[in-house]
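*Asks:* Let me begin by handing over the structure; questions about it come next.
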Amino acid sequence: MLEQTISEDSHSGPQVGPAYLCLYGHFYQPPREDPFTGILPPEPGATPFANYNEKITIECYRPNAEAGNFAQISFDLGPTLASWLESAHPDVYRQIIDADYQHRIRYGVGNALAQAYNHTILPLATTRDKQTQIIWGLNDFHHRYGHPAHGMWLAETAIDMECLDIMAQHGVTYTVLAPWQAATPIDPTEPYLVRLPGGRSITIFFYNAPLSGGVSFDWNTTSNADLFAASYLPGHLVASKRAAGEAQLLLIATDGELYGHHKPWRDKFLTHLIQSGAPSYGFEICTLERYLQMHPATKEVELRVPSAWSCGHGVARWDTGCECTEGDSSWKGGLRRALDNLAARGDQLFEQYAGEILSDPWAARNAYLDLRNGWRTTGDFWTQFAKEQHTQALVERTLQLLEAQYYQQCSFTSCGFFFEDVDRIEPRNDIAFARRAISLYWQATGIDLQQDFLADLRPVKSWRTHVTGAELYCQLPLVPKGLLPPSASLSS
Ligand SMILES: [Zn+2]
């Protein structure tokens with residue numbers, strides 16, 4: 001039907017409005033290495049591969065990179081995944097980075113977006129942590145892709161007005177949200193402007209929910225790319241825009257791992273859809289930034305805040321718990337309280353002790369990722385941030401405190417709160433990152449944050465296995481004597 005209409009229109013009669021299709025992939029893996037050794041432990045579930053990162057690389061990252069799919073879609077590659085891929089599979093990593101470069105050569109704008117650094121649920125973070133997450137994410141992007149990011153993906157598309165404004169202050173011009181995050185009526189085939197304080201604004205692309213959900217969860221939808229383009233896509237176009245000759249965009253946003261890992265062989269579906277399925281049925285493949293260049297947002301929208309794409313209860317899924325996950329989710333509130341209390345205490349120590357030689361400890365933390373990753377020299381870092389007088393011992397202590405802050409940020413990785421139970425690898429990893437921060441504060445200041453953290457973790461209980469958060473902490477791999485305070489006892 002559509003093919004017929006388009007071929008008729010292309011020869012004679014009134015011009016129909018162009019239909020664009022954008023595929024968006026959020027490519028991300030949480031950090032899972034042991035924070036004391038830096039080694040990713042073997043993951044038996046990934047057999048015959050050593051771990052899930054290796055398995056997903058073979059099933060998804062590599063085939064999509066080799067097929068050239070990254071050059072045709074909009075995507076973000078989470079910093080923790082990018083950093084693993086860079087060292088484990090540098091050829092795949094280079095192909096992905098190069099996709100953005102090729103897109104820039106062709107269209108003058110990139111097709112990669114940054115990601116807030118640790119996949120933190122930003123509406124639940126302090127203002128200072130929001131800033132650090134956004135700045136680290138943007139710095140990481142700039143270093144990898146060689147130009148500043150314009151778009152930024154937020155973990156779980158979780159927003160509040162403050163994080164959008166901080167993004168805009170740092171040069172981010174657009175992000176992607178679910179349609180139900182709009183508080184005023186929208187037509188998801190076009191981008192919208194959100195007004196922010198100080199005359200700033202940010203553009204929002206709302207993804208097409210039925211199409212994105214179908215691609216993510218309905219196996220049949222993606223069995224045939226031609227059928228998908230012919231029978232699923234056309235029904236989502238706005239007929240009046242077609243008739244009026246106006247452009248419109250269908251945006252399908254999903255986890256990138258869907259294409260080959262969650263759904264085997266769907267990397268091939270993506271290649272076929274991009275290369276021939278969609279174009280044969282009248283859709284031009286387009287990326288978000290290229291679309292913005294041609295058709296900037298003209299209408300405004302108000303947003304529901306806080307909100308996210310995978311919770312219908314604000315951001316309760318990662319906070320107090322809600323019925324988005326089965327079973328008793330009250331452990332989530334307890335785990336968050338434990339991590340929040342630890343972070344508040346850690347922040348006090350950081351400000352007090354690092355403040356002895358850093359003129360602005362928080363500005364130094366925002367720049368720490370660059371130092372940690374070797375993107376700027378130690379000399380340059382200390383010249384900018386250190387007060388005049390400082391000894392080597394004070395420098396070393398301050399580096400431990402900055403590293404403690406790094407792991408404190410890792411402890412808020414959203415995956416720890418996403419699933420149904422606390423007795424799983426994801427919450428355990430968040431607790432392991434918190435323990436690394438405790439160890440570094442202990443080494444730097446001799447102050448024990450472990451005791452209070454354990455006290456906070458005791459009431460956090462698995463509804464499946466009845467294991468407590470404190471037990472999960474004590475089950476973590478042993479570390480050499482002296483690295484942790486001697487208080488790790490389960491008795492209160
Ligand atoms: Zn929910």
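Identifiers in this document derive from the order of the structure tokens: chains are assigned A, B, ..., residues are numbered from 1 separately in each chain, and ligands are numbered from 1 in order of occurrence.
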With a distance cut-off of 8 Å and only C-alpha atoms, select the neighbouring residues of A:Leu250, excluding the residue or stretch itself and same-chain residues fewer than 2 positions from it, and output the selection as a PDB file with all heavy atoms, in the first residue's frame.
*Replies:*
ATOM      1  N   ALA A  19       9.285  10.672   5.232  1.00  0.00           N
ATOM      2  CA  ALA A  19       9.212   9.853   6.448  1.00  0.00           C
ATOM      3  C   ALA A  19      10.619   9.374   6.787  1.00  0.00           C
ATOM      4  O   ALA A  19      11.270   8.731   5.971  1.00  0.00           O
ATOM      5  CB  ALA A  19       8.289   8.667   6.213  1.00  0.00           C
ATOM      6  N   TYR A  20      11.072   9.719   7.990  1.00  0.00           N
ATOM      7  CA  TYR A  20      12.400   9.302   8.437  1.00  0.00           C
ATOM      8  C   TYR A  20      12.258   8.232   9.518  1.00  0.00           C
ATOM      9  O   TYR A  20      11.303   8.242  10.306  1.00  0.00           O
ATOM     10  CB  TYR A  20      13.166  10.493   9.009  1.00  0.00           C
ATOM     11  CG  TYR A  20      13.513  11.545   7.972  1.00  0.00           C
ATOM     12  CD1 TYR A  20      12.677  12.643   7.754  1.00  0.00           C
ATOM     13  CD2 TYR A  20      14.671  11.433   7.216  1.00  0.00           C
ATOM     14  CE1 TYR A  20      12.996  13.608   6.808  1.00  0.00           C
ATOM     15  CE2 TYR A  20      15.004  12.388   6.262  1.00  0.00           C
ATOM     16  CZ  TYR A  20      14.161  13.469   6.066  1.00  0.00           C
ATOM     17  OH  TYR A  20      14.476  14.414   5.127  1.00  0.00           O
ATOM     18  N   LEU A  21      13.246   7.348   9.543  1.00  0.00           N
ATOM     19  CA  LEU A  21      13.267   6.320  10.579  1.00  0.00           C
ATOM     20  C   LEU A  21      14.616   6.390  11.282  1.00  0.00           C
ATOM     21  O   LEU A  21      15.665   6.362  10.633  1.00  0.00           O
ATOM     22  CB  LEU A  21      13.090   4.930   9.958  1.00  0.00           C
ATOM     23  CG  LEU A  21      13.245   3.743  10.918  1.00  0.00           C
ATOM     24  CD1 LEU A  21      12.111   3.721  11.955  1.00  0.00           C
ATOM     25  CD2 LEU A  21      13.259   2.406  10.149  1.00  0.00           C
ATOM     26  N   CYS A  22      14.587   6.502  12.613  1.00  0.00           N
ATOM     27  CA  CYS A  22      15.827   6.476  13.387  1.00  0.00           C
ATOM     28  C   CYS A  22      15.790   5.284  14.342  1.00  0.00           C
ATOM     29  O   CYS A  22      14.832   5.108  15.090  1.00  0.00           O
ATOM     30  CB  CYS A  22      16.011   7.774  14.176  1.00  0.00           C
ATOM     31  SG  CYS A  22      17.463   7.719  15.262  1.00  0.00           S
ATOM     32  N   PRO A 188       4.735  12.114  18.824  1.00  0.00           N
ATOM     33  CA  PRO A 188       6.127  11.638  18.910  1.00  0.00           C
ATOM     34  C   PRO A 188       6.872  11.609  17.576  1.00  0.00           C
ATOM     35  O   PRO A 188       8.033  11.200  17.553  1.00  0.00           O
ATOM     36  CB  PRO A 188       5.983  10.232  19.498  1.00  0.00           C
ATOM     37  CG  PRO A 188       4.601   9.811  19.170  1.00  0.00           C
ATOM     38  CD  PRO A 188       3.764  11.048  19.096  1.00  0.00           C
ATOM     39  N   THR A 189       6.231  12.049  16.495  1.00  0.00           N
ATOM     40  CA  THR A 189       6.968  12.074  15.224  1.00  0.00           C
ATOM     41  C   THR A 189       7.743  13.385  15.048  1.00  0.00           C
ATOM     42  O   THR A 189       8.274  13.643  13.971  1.00  0.00           O
ATOM     43  CB  THR A 189       6.042  11.874  13.998  1.00  0.00           C
ATOM     44  OG1 THR A 189       5.175  13.014  13.873  1.00  0.00           O
ATOM     45  CG2 THR A 189       5.224  10.605  14.111  1.00  0.00           C
ATOM     46  N   TYR A 207      10.466   8.626  21.917  1.00  0.00           N
ATOM     47  CA  TYR A 207      10.465   7.458  21.030  1.00  0.00           C
ATOM     48  C   TYR A 207       9.051   6.934  20.813  1.00  0.00           C
ATOM     49  O   TYR A 207       8.138   7.234  21.586  1.00  0.00           O
ATOM     50  CB  TYR A 207      11.412   6.373  21.528  1.00  0.00           C
ATOM     51  CG  TYR A 207      11.104   5.766  22.879  1.00  0.00           C
ATOM     52  CD1 TYR A 207      10.106   4.799  23.044  1.00  0.00           C
ATOM     53  CD2 TYR A 207      11.843   6.136  24.002  1.00  0.00           C
ATOM     54  CE1 TYR A 207       9.852   4.224  24.277  1.00  0.00           C
ATOM     55  CE2 TYR A 207      11.595   5.566  25.248  1.00  0.00           C
ATOM     56  CZ  TYR A 207      10.588   4.616  25.378  1.00  0.00           C
ATOM     57  OH  TYR A 207      10.343   4.058  26.606  1.00  0.00           O
ATOM     58  N   ASN A 208       8.895   6.179  19.733  1.00  0.00           N
ATOM     59  CA  ASN A 208       7.607   5.566  19.444  1.00  0.00           C
ATOM     60  C   ASN A 208       7.465   4.332  20.341  1.00  0.00           C
ATOM     61  O   ASN A 208       8.194   3.348  20.180  1.00  0.00           O
ATOM     62  CB  ASN A 208       7.546   5.170  17.962  1.00  0.00           C
ATOM     63  CG  ASN A 208       6.205   4.551  17.607  1.00  0.00           C
ATOM     64  OD1 ASN A 208       5.849   3.492  18.123  1.00  0.00           O
ATOM     65  ND2 ASN A 208       5.466   5.219  16.741  1.00  0.00           N
ATOM     66  N   HIS A 236       2.244   4.057  11.823  1.00  0.00           N
ATOM     67  CA  HIS A 236       2.635   5.004  12.868  1.00  0.00           C
ATOM     68  C   HIS A 236       2.913   6.400  12.329  1.00  0.00           C
ATOM     69  O   HIS A 236       3.252   7.305  13.088  1.00  0.00           O
ATOM     70  CB  HIS A 236       3.855   4.467  13.624  1.00  0.00           C
ATOM     71  CG  HIS A 236       3.527   3.228  14.405  1.00  0.00           C
ATOM     72  ND1 HIS A 236       3.008   3.276  15.674  1.00  0.00           N
ATOM     73  CD2 HIS A 236       3.580   1.913  14.064  1.00  0.00           C
ATOM     74  CE1 HIS A 236       2.776   2.035  16.098  1.00  0.00           C
ATOM     75  NE2 HIS A 236       3.114   1.195  15.133  1.00  0.00           N
ATOM     76  N   LEU A 237       2.778   6.553  11.000  1.00  0.00           N
ATOM     77  CA  LEU A 237       2.982   7.892  10.430  1.00  0.00           C
ATOM     78  C   LEU A 237       1.713   8.716  10.603  1.00  0.00           C
ATOM     79  O   LEU A 237       0.609   8.180  10.628  1.00  0.00           O
ATOM     80  CB  LEU A 237       3.325   7.764   8.937  1.00  0.00           C
ATOM     81  CG  LEU A 237       4.706   7.156   8.648  1.00  0.00           C
ATOM     82  CD1 LEU A 237       4.851   6.876   7.157  1.00  0.00           C
ATOM     83  CD2 LEU A 237       5.823   8.067   9.142  1.00  0.00           C
ATOM     84  N   GLN A 248       8.459  13.910   9.037  1.00  0.00           N
ATOM     85  CA  GLN A 248       8.209  13.291  10.338  1.00  0.00           C
ATOM     86  C   GLN A 248       9.198  12.169  10.578  1.00  0.00           C
ATOM     87  O   GLN A 248       9.792  11.628   9.653  1.00  0.00           O
ATOM     88  CB  GLN A 248       6.772  12.807  10.463  1.00  0.00           C
ATOM     89  CG  GLN A 248       6.292  11.890   9.368  1.00  0.00           C
ATOM     90  CD  GLN A 248       4.812  11.568   9.538  1.00  0.00           C
ATOM     91  OE1 GLN A 248       4.351  11.250  10.626  1.00  0.00           O
ATOM     92  NE2 GLN A 248       4.056  11.659   8.449  1.00  0.00           N
ATOM     93  N   ILE A 252      12.781   4.546  17.074  1.00  0.00           N
ATOM     94  CA  ILE A 252      12.697   3.281  17.813  1.00  0.00           C
ATOM     95  C   ILE A 252      13.907   3.214  18.725  1.00  0.00           C
ATOM     96  O   ILE A 252      15.032   3.084  18.261  1.00  0.00           O
ATOM     97  CB  ILE A 252      12.681   2.080  16.834  1.00  0.00           C
ATOM     98  CG1 ILE A 252      11.462   2.187  15.906  1.00  0.00           C
ATOM     99  CG2 ILE A 252      12.693   0.769  17.605  1.00  0.00           C
ATOM    100  CD1 ILE A 252      11.377   1.089  14.866  1.00  0.00           C
TER     101      ILE A 252
END
*Asks:* For stretch 160-168 of chain A, list every protein, DNA or RNA residue within 9 Å, evaluated using only C-alpha atoms, and leave out those in the same chain fewer than 6 positions away; present the list as a PyMOL selection string.
*Replies:* chain A and resi 122-123+127+130-131+134-135+152+174-175+196-197+200-202+303-307
*Asks:* Using only C-alpha atoms and all ligand atoms, I'd like a table of the residues in chain A that come within 6 Å of ligand 1; for each, show the closest atom pair and its distance in Å rounded to one decimal, ordered by chain and ascending number, as a Markdown table.
*Replies:*
| residue | atom | partner | partner_atom_place_in_ligand_line | distance |
| --- | --- | --- | --- | --- |
| A:Cys311 | CA | ligand 1 | 1 (Zn) | 3.8 |
| A:Gly312 | CA | ligand 1 | 1 (Zn) | 4.6 |
| A:His313 | CA | ligand 1 | 1 (Zn) | 4.3 |
| A:Ala316 | CA | ligand 1 | 1 (Zn) | 5.5 |
| A:Arg317 | CA | ligand 1 | 1 (Zn) | 4.6 |
| A:Cys322 | CA | ligand 1 | 1 (Zn) | 4.7 |
| A:Glu323 | CA | ligand 1 | 1 (Zn) | 5.7 |
| A:Cys324 | CA | ligand 1 | 1 (Zn) | 4.2 |
*Asks:* What does the distance between atom CA of A:Asp380 and atom CA of A:Leu358 come to in Å, to one decimal place?
*Replies:*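 Atom CA of A:Leu358 lies 13.4 Å from atom CA of A:Asp380.
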*Asks:* Just checking: using only C-alpha atoms, which residue out of A:Arg144, A:Arg128, A:Lys241, A:Arg376 ends up closest to A:Asp98?
*Replies:* A:Arg144
*Asks:* When you look at A:Ala67 with a cut-off of 12 Å (counting only C-alpha atoms), what residues show up, excluding the ones that are within fewer than 5 positions of it in the same chain? I need them as a VMD selection string.
*Replies:* chain A and resid 60 to 62 72 92 95 to 96 99 259 267 to 272 274 to 275
*Asks:* What would the file look like if the residues just selected were written as a PDB file, in the first residue's frame with N, CA, C and O atoms?
*Replies:*
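Wrote it out as again.pdb, contents follow:
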ATOM      1  N   CYS A  60      26.830  -9.364  19.746  1.00  0.00           N
ATOM      2  CA  CYS A  60      26.220  -8.060  19.426  1.00  0.00           C
ATOM      3  C   CYS A  60      27.218  -6.988  18.989  1.00  0.00           C
ATOM      4  O   CYS A  60      27.120  -6.475  17.884  1.00  0.00           O
ATOM      5  N   TYR A  61      28.179  -6.629  19.862  1.00  0.00           N
ATOM      6  CA  TYR A  61      29.018  -5.468  19.540  1.00  0.00           C
ATOM      7  C   TYR A  61      29.819  -5.704  18.257  1.00  0.00           C
ATOM      8  O   TYR A  61      29.855  -4.858  17.371  1.00  0.00           O
ATOM      9  N   ARG A  62      30.465  -6.867  18.172  1.00  0.00           N
ATOM     10  CA  ARG A  62      31.302  -7.121  16.999  1.00  0.00           C
ATOM     11  C   ARG A  62      30.483  -7.231  15.704  1.00  0.00           C
ATOM     12  O   ARG A  62      30.777  -6.521  14.741  1.00  0.00           O
ATOM     13  N   GLN A  72      24.871   4.035  11.000  1.00  0.00           N
ATOM     14  CA  GLN A  72      23.545   4.373  10.476  1.00  0.00           C
ATOM     15  C   GLN A  72      22.530   4.693  11.570  1.00  0.00           C
ATOM     16  O   GLN A  72      21.430   5.143  11.262  1.00  0.00           O
ATOM     17  N   VAL A  92      37.014  -3.671  17.681  1.00  0.00           N
ATOM     18  CA  VAL A  92      35.565  -3.393  17.728  1.00  0.00           C
ATOM     19  C   VAL A  92      35.346  -1.958  18.218  1.00  0.00           C
ATOM     20  O   VAL A  92      34.551  -1.198  17.655  1.00  0.00           O
ATOM     21  N   GLN A  95      36.030   0.580  15.525  1.00  0.00           N
ATOM     22  CA  GLN A  95      34.969   0.630  14.502  1.00  0.00           C
ATOM     23  C   GLN A  95      33.780   1.463  14.988  1.00  0.00           C
ATOM     24  O   GLN A  95      33.171   2.202  14.214  1.00  0.00           O
ATOM     25  N   ILE A  96      33.467   1.342  16.281  1.00  0.00           N
ATOM     26  CA  ILE A  96      32.320   2.085  16.827  1.00  0.00           C
ATOM     27  C   ILE A  96      32.644   3.585  16.875  1.00  0.00           C
ATOM     28  O   ILE A  96      31.834   4.420  16.458  1.00  0.00           O
ATOM     29  N   ALA A  99      32.536   5.076  13.499  1.00  0.00           N
ATOM     30  CA  ALA A  99      31.191   5.267  12.935  1.00  0.00           C
ATOM     31  C   ALA A  99      30.742   6.713  13.138  1.00  0.00           C
ATOM     32  O   ALA A  99      30.178   7.346  12.234  1.00  0.00           O
ATOM     33  N   TYR A 259      20.026  -6.172  19.705  1.00  0.00           N
ATOM     34  CA  TYR A 259      20.382  -6.574  18.343  1.00  0.00           C
ATOM     35  C   TYR A 259      21.508  -7.605  18.356  1.00  0.00           C
ATOM     36  O   TYR A 259      22.671  -7.296  18.152  1.00  0.00           O
ATOM     37  N   ASP A 267      20.944  -8.555  14.902  1.00  0.00           N
ATOM     38  CA  ASP A 267      21.906  -7.656  14.249  1.00  0.00           C
ATOM     39  C   ASP A 267      21.683  -7.696  12.747  1.00  0.00           C
ATOM     40  O   ASP A 267      21.783  -6.683  12.052  1.00  0.00           O
ATOM     41  N   LYS A 268      21.330  -8.874  12.243  1.00  0.00           N
ATOM     42  CA  LYS A 268      21.087  -9.008  10.798  1.00  0.00           C
ATOM     43  C   LYS A 268      19.775  -8.334  10.402  1.00  0.00           C
ATOM     44  O   LYS A 268      19.657  -7.736   9.338  1.00  0.00           O
ATOM     45  N   PHE A 269      18.788  -8.433  11.281  1.00  0.00           N
ATOM     46  CA  PHE A 269      17.520  -7.715  11.061  1.00  0.00           C
ATOM     47  C   PHE A 269      17.814  -6.214  10.931  1.00  0.00           C
ATOM     48  O   PHE A 269      17.322  -5.539  10.020  1.00  0.00           O
ATOM     49  N   LEU A 270      18.643  -5.706  11.837  1.00  0.00           N
ATOM     50  CA  LEU A 270      18.963  -4.274  11.832  1.00  0.00           C
ATOM     51  C   LEU A 270      19.667  -3.892  10.525  1.00  0.00           C
ATOM     52  O   LEU A 270      19.300  -2.898   9.883  1.00  0.00           O
ATOM     53  N   THR A 271      20.663  -4.687  10.128  1.00  0.00           N
ATOM     54  CA  THR A 271      21.389  -4.405   8.881  1.00  0.00           C
ATOM     55  C   THR A 271      20.415  -4.371   7.709  1.00  0.00           C
ATOM     56  O   THR A 271      20.439  -3.462   6.882  1.00  0.00           O
ATOM     57  N   HIS A 272      19.552  -5.369   7.636  1.00  0.00           N
ATOM     58  CA  HIS A 272      18.635  -5.464   6.500  1.00  0.00           C
ATOM     59  C   HIS A 272      17.613  -4.321   6.517  1.00  0.00           C
ATOM     60  O   HIS A 272      17.306  -3.737   5.474  1.00  0.00           O
ATOM     61  N   ILE A 274      18.014  -1.324   7.777  1.00  0.00           N
ATOM     62  CA  ILE A 274      18.700  -0.079   7.439  1.00  0.00           C
ATOM     63  C   ILE A 274      19.039  -0.025   5.951  1.00  0.00           C
ATOM     64  O   ILE A 274      18.818   0.980   5.284  1.00  0.00           O
ATOM     65  N   GLN A 275      19.583  -1.147   5.465  1.00  0.00           N
ATOM     66  CA  GLN A 275      20.126  -1.111   4.103  1.00  0.00           C
ATOM     67  C   GLN A 275      19.063  -1.239   3.026  1.00  0.00           C
ATOM     68  O   GLN A 275      19.180  -0.643   1.973  1.00  0.00           O
TER      69      GLN A 275
END
*Asks:* How would you write, as JSON, numbers by chain, the set of residues in stretch 255-437 of chain A that DSSP gives as helix (DSSP H, G or I)?
*Replies:* {"A": [256, 257, 258, 266, 267, 268, 269, 270, 271, 272, 273, 274, 275, 276, 277, 278, 279, 280, 288, 289, 290, 291, 292, 293, 294, 316, 317, 318, 331, 332, 333, 334, 335, 336, 337, 338, 339, 340, 341, 342, 343, 344, 345, 346, 347, 348, 349, 350, 351, 352, 353, 354, 361, 362, 363, 364, 365, 366, 367, 368, 369, 370, 371, 372, 378, 379, 380, 381, 382, 383, 384, 385, 392, 393, 394, 395, 396, 397, 398, 399, 400, 401, 402, 403, 404, 405, 406, 407, 408, 409, 410, 415, 416, 417, 418, 425, 426, 427, 428, 429, 430, 431, 432, 433, 434, 435, 436, 437]}
*Asks:* Between A:His261, A:Ser359, A:Leu211, A:Thr173, single out the one closest to A:Glu54, counting only C-alpha atoms.
*Replies:*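 Comparing A:His261, A:Ser359, A:Leu211, A:Thr173 against A:Glu54, the winner is A:His261.
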*Asks:* Which residue is closest to A:Ala404? Choose from A:Ala354, A:Leu77, A:Val109, A:Ala125 and count only C-alpha atoms.
*Replies:* A:Ala354
*Asks:* From the DSSP assignment of the backbone, select every residue of stretch 102-310 of chain A that is strand (DSSP E or B), and format the answer as number ranges by chain.
*Replies:* A: 112-115, 120, 151-153, 159, 174-177, 182, 192-195, 201-206, 248-255, 259, 263, 283-285, 299-300, 303, 307-308
*Asks:* So that I have them on file, write out the residues from the current selection with N, CA and C atoms, as a short mmCIF file (atom, residue, chain, number, x, y, z; two decimals), in the first residue's frame.
*Replies:*
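What follows is the written file selection_11.cif:
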data_model
loop_
_atom_site.label_atom_id
_atom_site.label_comp_id
_atom_site.auth_asym_id
_atom_site.auth_seq_id
_atom_site.Cartn_x
_atom_site.Cartn_y
_atom_site.Cartn_z
N ALA A 112 26.81 9.73 17.66
CA ALA A 112 26.94 9.14 19.00
C ALA A 112 26.50 10.16 20.04
N LEU A 113 25.94 9.67 21.14
CA LEU A 113 25.55 10.51 22.27
C LEU A 113 26.41 10.11 23.47
N ALA A 114 26.59 11.04 24.38
CA ALA A 114 27.27 10.72 25.63
C ALA A 114 26.28 10.02 26.57
N GLN A 115 26.81 9.47 27.66
CA GLN A 115 25.92 8.90 28.69
C GLN A 115 26.40 9.43 30.03
N THR A 120 23.76 6.26 36.78
CA THR A 120 23.12 6.63 38.04
C THR A 120 21.72 7.17 37.74
N GLY A 151 24.35 15.38 22.33
CA GLY A 151 23.26 14.60 22.92
C GLY A 151 23.76 13.84 24.13
N MET A 152 22.86 13.58 25.07
CA MET A 152 23.23 12.76 26.22
C MET A 152 22.09 11.83 26.58
N TRP A 153 22.43 10.54 26.76
CA TRP A 153 21.46 9.53 27.22
C TRP A 153 21.55 9.44 28.72
N ILE A 159 14.67 11.45 34.62
CA ILE A 159 14.90 12.90 34.61
C ILE A 159 14.24 13.62 35.78
N TYR A 174 20.24 17.88 23.31
CA TYR A 174 19.07 17.00 23.17
C TYR A 174 19.25 15.70 23.94
N THR A 175 18.10 15.08 24.25
CA THR A 175 18.08 13.75 24.85
C THR A 175 16.84 13.01 24.38
N VAL A 176 16.73 11.76 24.78
CA VAL A 176 15.61 10.90 24.35
C VAL A 176 14.80 10.49 25.58
N LEU A 177 13.48 10.57 25.47
CA LEU A 177 12.61 10.16 26.57
C LEU A 177 11.47 9.28 26.06
N ALA A 182 6.09 12.90 28.99
CA ALA A 182 5.53 14.22 28.67
C ALA A 182 4.31 14.47 29.53
N TYR A 192 10.61 18.14 20.58
CA TYR A 192 10.00 19.24 21.34
C TYR A 192 11.07 19.97 22.15
N LEU A 193 10.78 21.24 22.43
CA LEU A 193 11.66 22.04 23.27
C LEU A 193 11.15 22.08 24.70
N VAL A 194 12.07 21.97 25.65
CA VAL A 194 11.72 22.17 27.06
C VAL A 194 12.43 23.43 27.52
N ARG A 195 11.67 24.36 28.05
CA ARG A 195 12.25 25.62 28.56
C ARG A 195 12.89 25.37 29.92
N SER A 201 17.37 25.96 27.06
CA SER A 201 16.35 24.99 26.65
C SER A 201 17.06 23.71 26.24
N ILE A 202 16.28 22.64 26.13
CA ILE A 202 16.83 21.37 25.66
C ILE A 202 15.77 20.72 24.77
N THR A 203 16.23 20.03 23.73
CA THR A 203 15.29 19.35 22.83
C THR A 203 15.09 17.92 23.30
N ILE A 204 13.83 17.49 23.24
CA ILE A 204 13.48 16.12 23.63
C ILE A 204 12.96 15.37 22.41
N PHE A 205 13.53 14.21 22.14
CA PHE A 205 12.94 13.27 21.18
C PHE A 205 12.18 12.23 22.00
N PHE A 206 10.92 12.05 21.67
CA PHE A 206 10.14 10.98 22.32
C PHE A 206 10.12 9.78 21.38
N GLN A 248 8.46 13.91 9.04
CA GLN A 248 8.21 13.29 10.34
C GLN A 248 9.20 12.17 10.58
N LEU A 249 9.35 11.85 11.86
CA LEU A 249 10.38 10.90 12.28
C LEU A 249 9.78 9.81 13.16
N LEU A 250 10.04 8.55 12.79
CA LEU A 250 9.71 7.45 13.70
C LEU A 250 10.99 7.06 14.42
N LEU A 251 10.97 7.13 15.74
CA LEU A 251 12.16 6.81 16.53
C LEU A 251 11.91 5.53 17.32
N ILE A 252 12.78 4.55 17.07
CA ILE A 252 12.70 3.28 17.81
C ILE A 252 13.91 3.21 18.73
N ALA A 253 13.69 3.37 20.03
CA ALA A 253 14.80 3.39 20.99
C ALA A 253 14.73 2.15 21.87
N THR A 254 15.84 1.45 21.96
CA THR A 254 15.90 0.23 22.77
C THR A 254 17.31 0.08 23.33
N ASP A 255 17.48 -0.91 24.20
CA ASP A 255 18.83 -1.31 24.58
C ASP A 255 19.52 -1.81 23.31
N TYR A 259 20.03 -6.17 19.71
CA TYR A 259 20.38 -6.57 18.34
C TYR A 259 21.51 -7.61 18.36
N LYS A 263 18.22 -10.81 21.59
CA LYS A 263 17.53 -11.50 20.49
C LYS A 263 18.57 -11.94 19.45
N PHE A 283 11.05 4.87 3.62
CA PHE A 283 11.60 5.51 4.82
C PHE A 283 13.07 5.83 4.61
N GLU A 284 13.44 7.05 4.96
CA GLU A 284 14.86 7.39 4.91
C GLU A 284 15.46 7.19 6.30
N ILE A 285 16.56 6.41 6.35
CA ILE A 285 17.24 6.18 7.63
C ILE A 285 17.94 7.47 8.04
N LYS A 299 7.88 23.19 18.66
CA LYS A 299 6.84 23.22 19.71
C LYS A 299 7.46 22.96 21.07
N GLU A 300 6.72 23.36 22.11
CA GLU A 300 7.23 23.15 23.46
C GLU A 300 6.44 22.07 24.19
N LEU A 303 7.22 18.44 31.08
CA LEU A 303 7.56 17.06 31.41
C LEU A 303 7.03 16.64 32.77
N SER A 307 10.64 11.11 36.39
CA SER A 307 10.06 10.01 35.62
C SER A 307 11.17 9.26 34.92
N ALA A 308 10.84 8.06 34.40
CA ALA A 308 11.83 7.21 33.75
C ALA A 308 11.11 6.29 32.77
#
*Asks:* What lies within 10 Å of A:Trp375 using only C-alpha atoms, ignoring chain neighbours under 3 positions off, as a list in words?
*Replies:*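 In the requested form, the answer reads Asn139, Asp140, His143, Tyr368, Leu369, Asp370, Leu371, Arg372 and Thr378 of chain A.
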*Asks:* Give me, as a tab-separated table, the closest atom pair and its distance (Å, one decimal) for every residue of stretch 100-214 of chain A within a cut-off of 12 Å of stretch 30-45 of chain A, counting only C-alpha atoms, rows sorted by chain and rising number.
*Replies:*
residue	atom	partner	partner_atom	distance
A:Tyr117	CA	A:Pro30	CA	10.5
A:Asn118	CA	A:Pro30	CA	7.9
A:His119	CA	A:Pro30	CA	7.8
A:Thr120	CA	A:Pro30	CA	10.6
A:Ala155	CA	A:Pro30	CA	11.1
*Asks:* Can I get the selected residues back with N, CA and C atoms, as a CSV table (one decimal), in the first residue's frame?
*Replies:*
chain,number,residue,atom,x,y,z
A,117,TYR,N,27.8,9.3,33.5
A,117,TYR,CA,28.9,8.4,33.6
A,117,TYR,C,28.6,7.0,34.2
A,118,ASN,N,28.0,7.0,35.4
A,118,ASN,CA,27.9,5.7,36.1
A,118,ASN,C,26.5,5.0,36.0
A,119,HIS,N,25.7,5.4,35.0
A,119,HIS,CA,24.3,4.9,34.9
A,119,HIS,C,23.6,5.0,36.2
A,120,THR,N,23.8,6.3,36.8
A,120,THR,CA,23.1,6.6,38.0
A,120,THR,C,21.7,7.2,37.7
A,155,ALA,N,20.6,7.3,32.2
A,155,ALA,CA,20.2,6.0,32.7
A,155,ALA,C,18.7,5.9,32.9
*Asks:* Show me, as a PyMOL selection string, the residues that have an atom within 12 Å of A:Ile56 when counting only C-alpha atoms, minus same-chain residues fewer than 3 positions from it.
*Replies:* chain A and resi 27-29+46-53+59-64+81+85+89+256-264+267
*Asks:* Write out as a list in words which residues come within 7 Å of stretch 410-419 of chain A when counting only C-alpha atoms, dropping same-chain ones fewer than 3 positions away.
*Replies:*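 That gives Asn118, His119, Thr120, Ile121, Arg317, Trp318, Thr325, Lys332, Tyr406, Tyr407, Glu426, Pro427, Asp430, Ile431, Phe433 and Ala434 of chain A.
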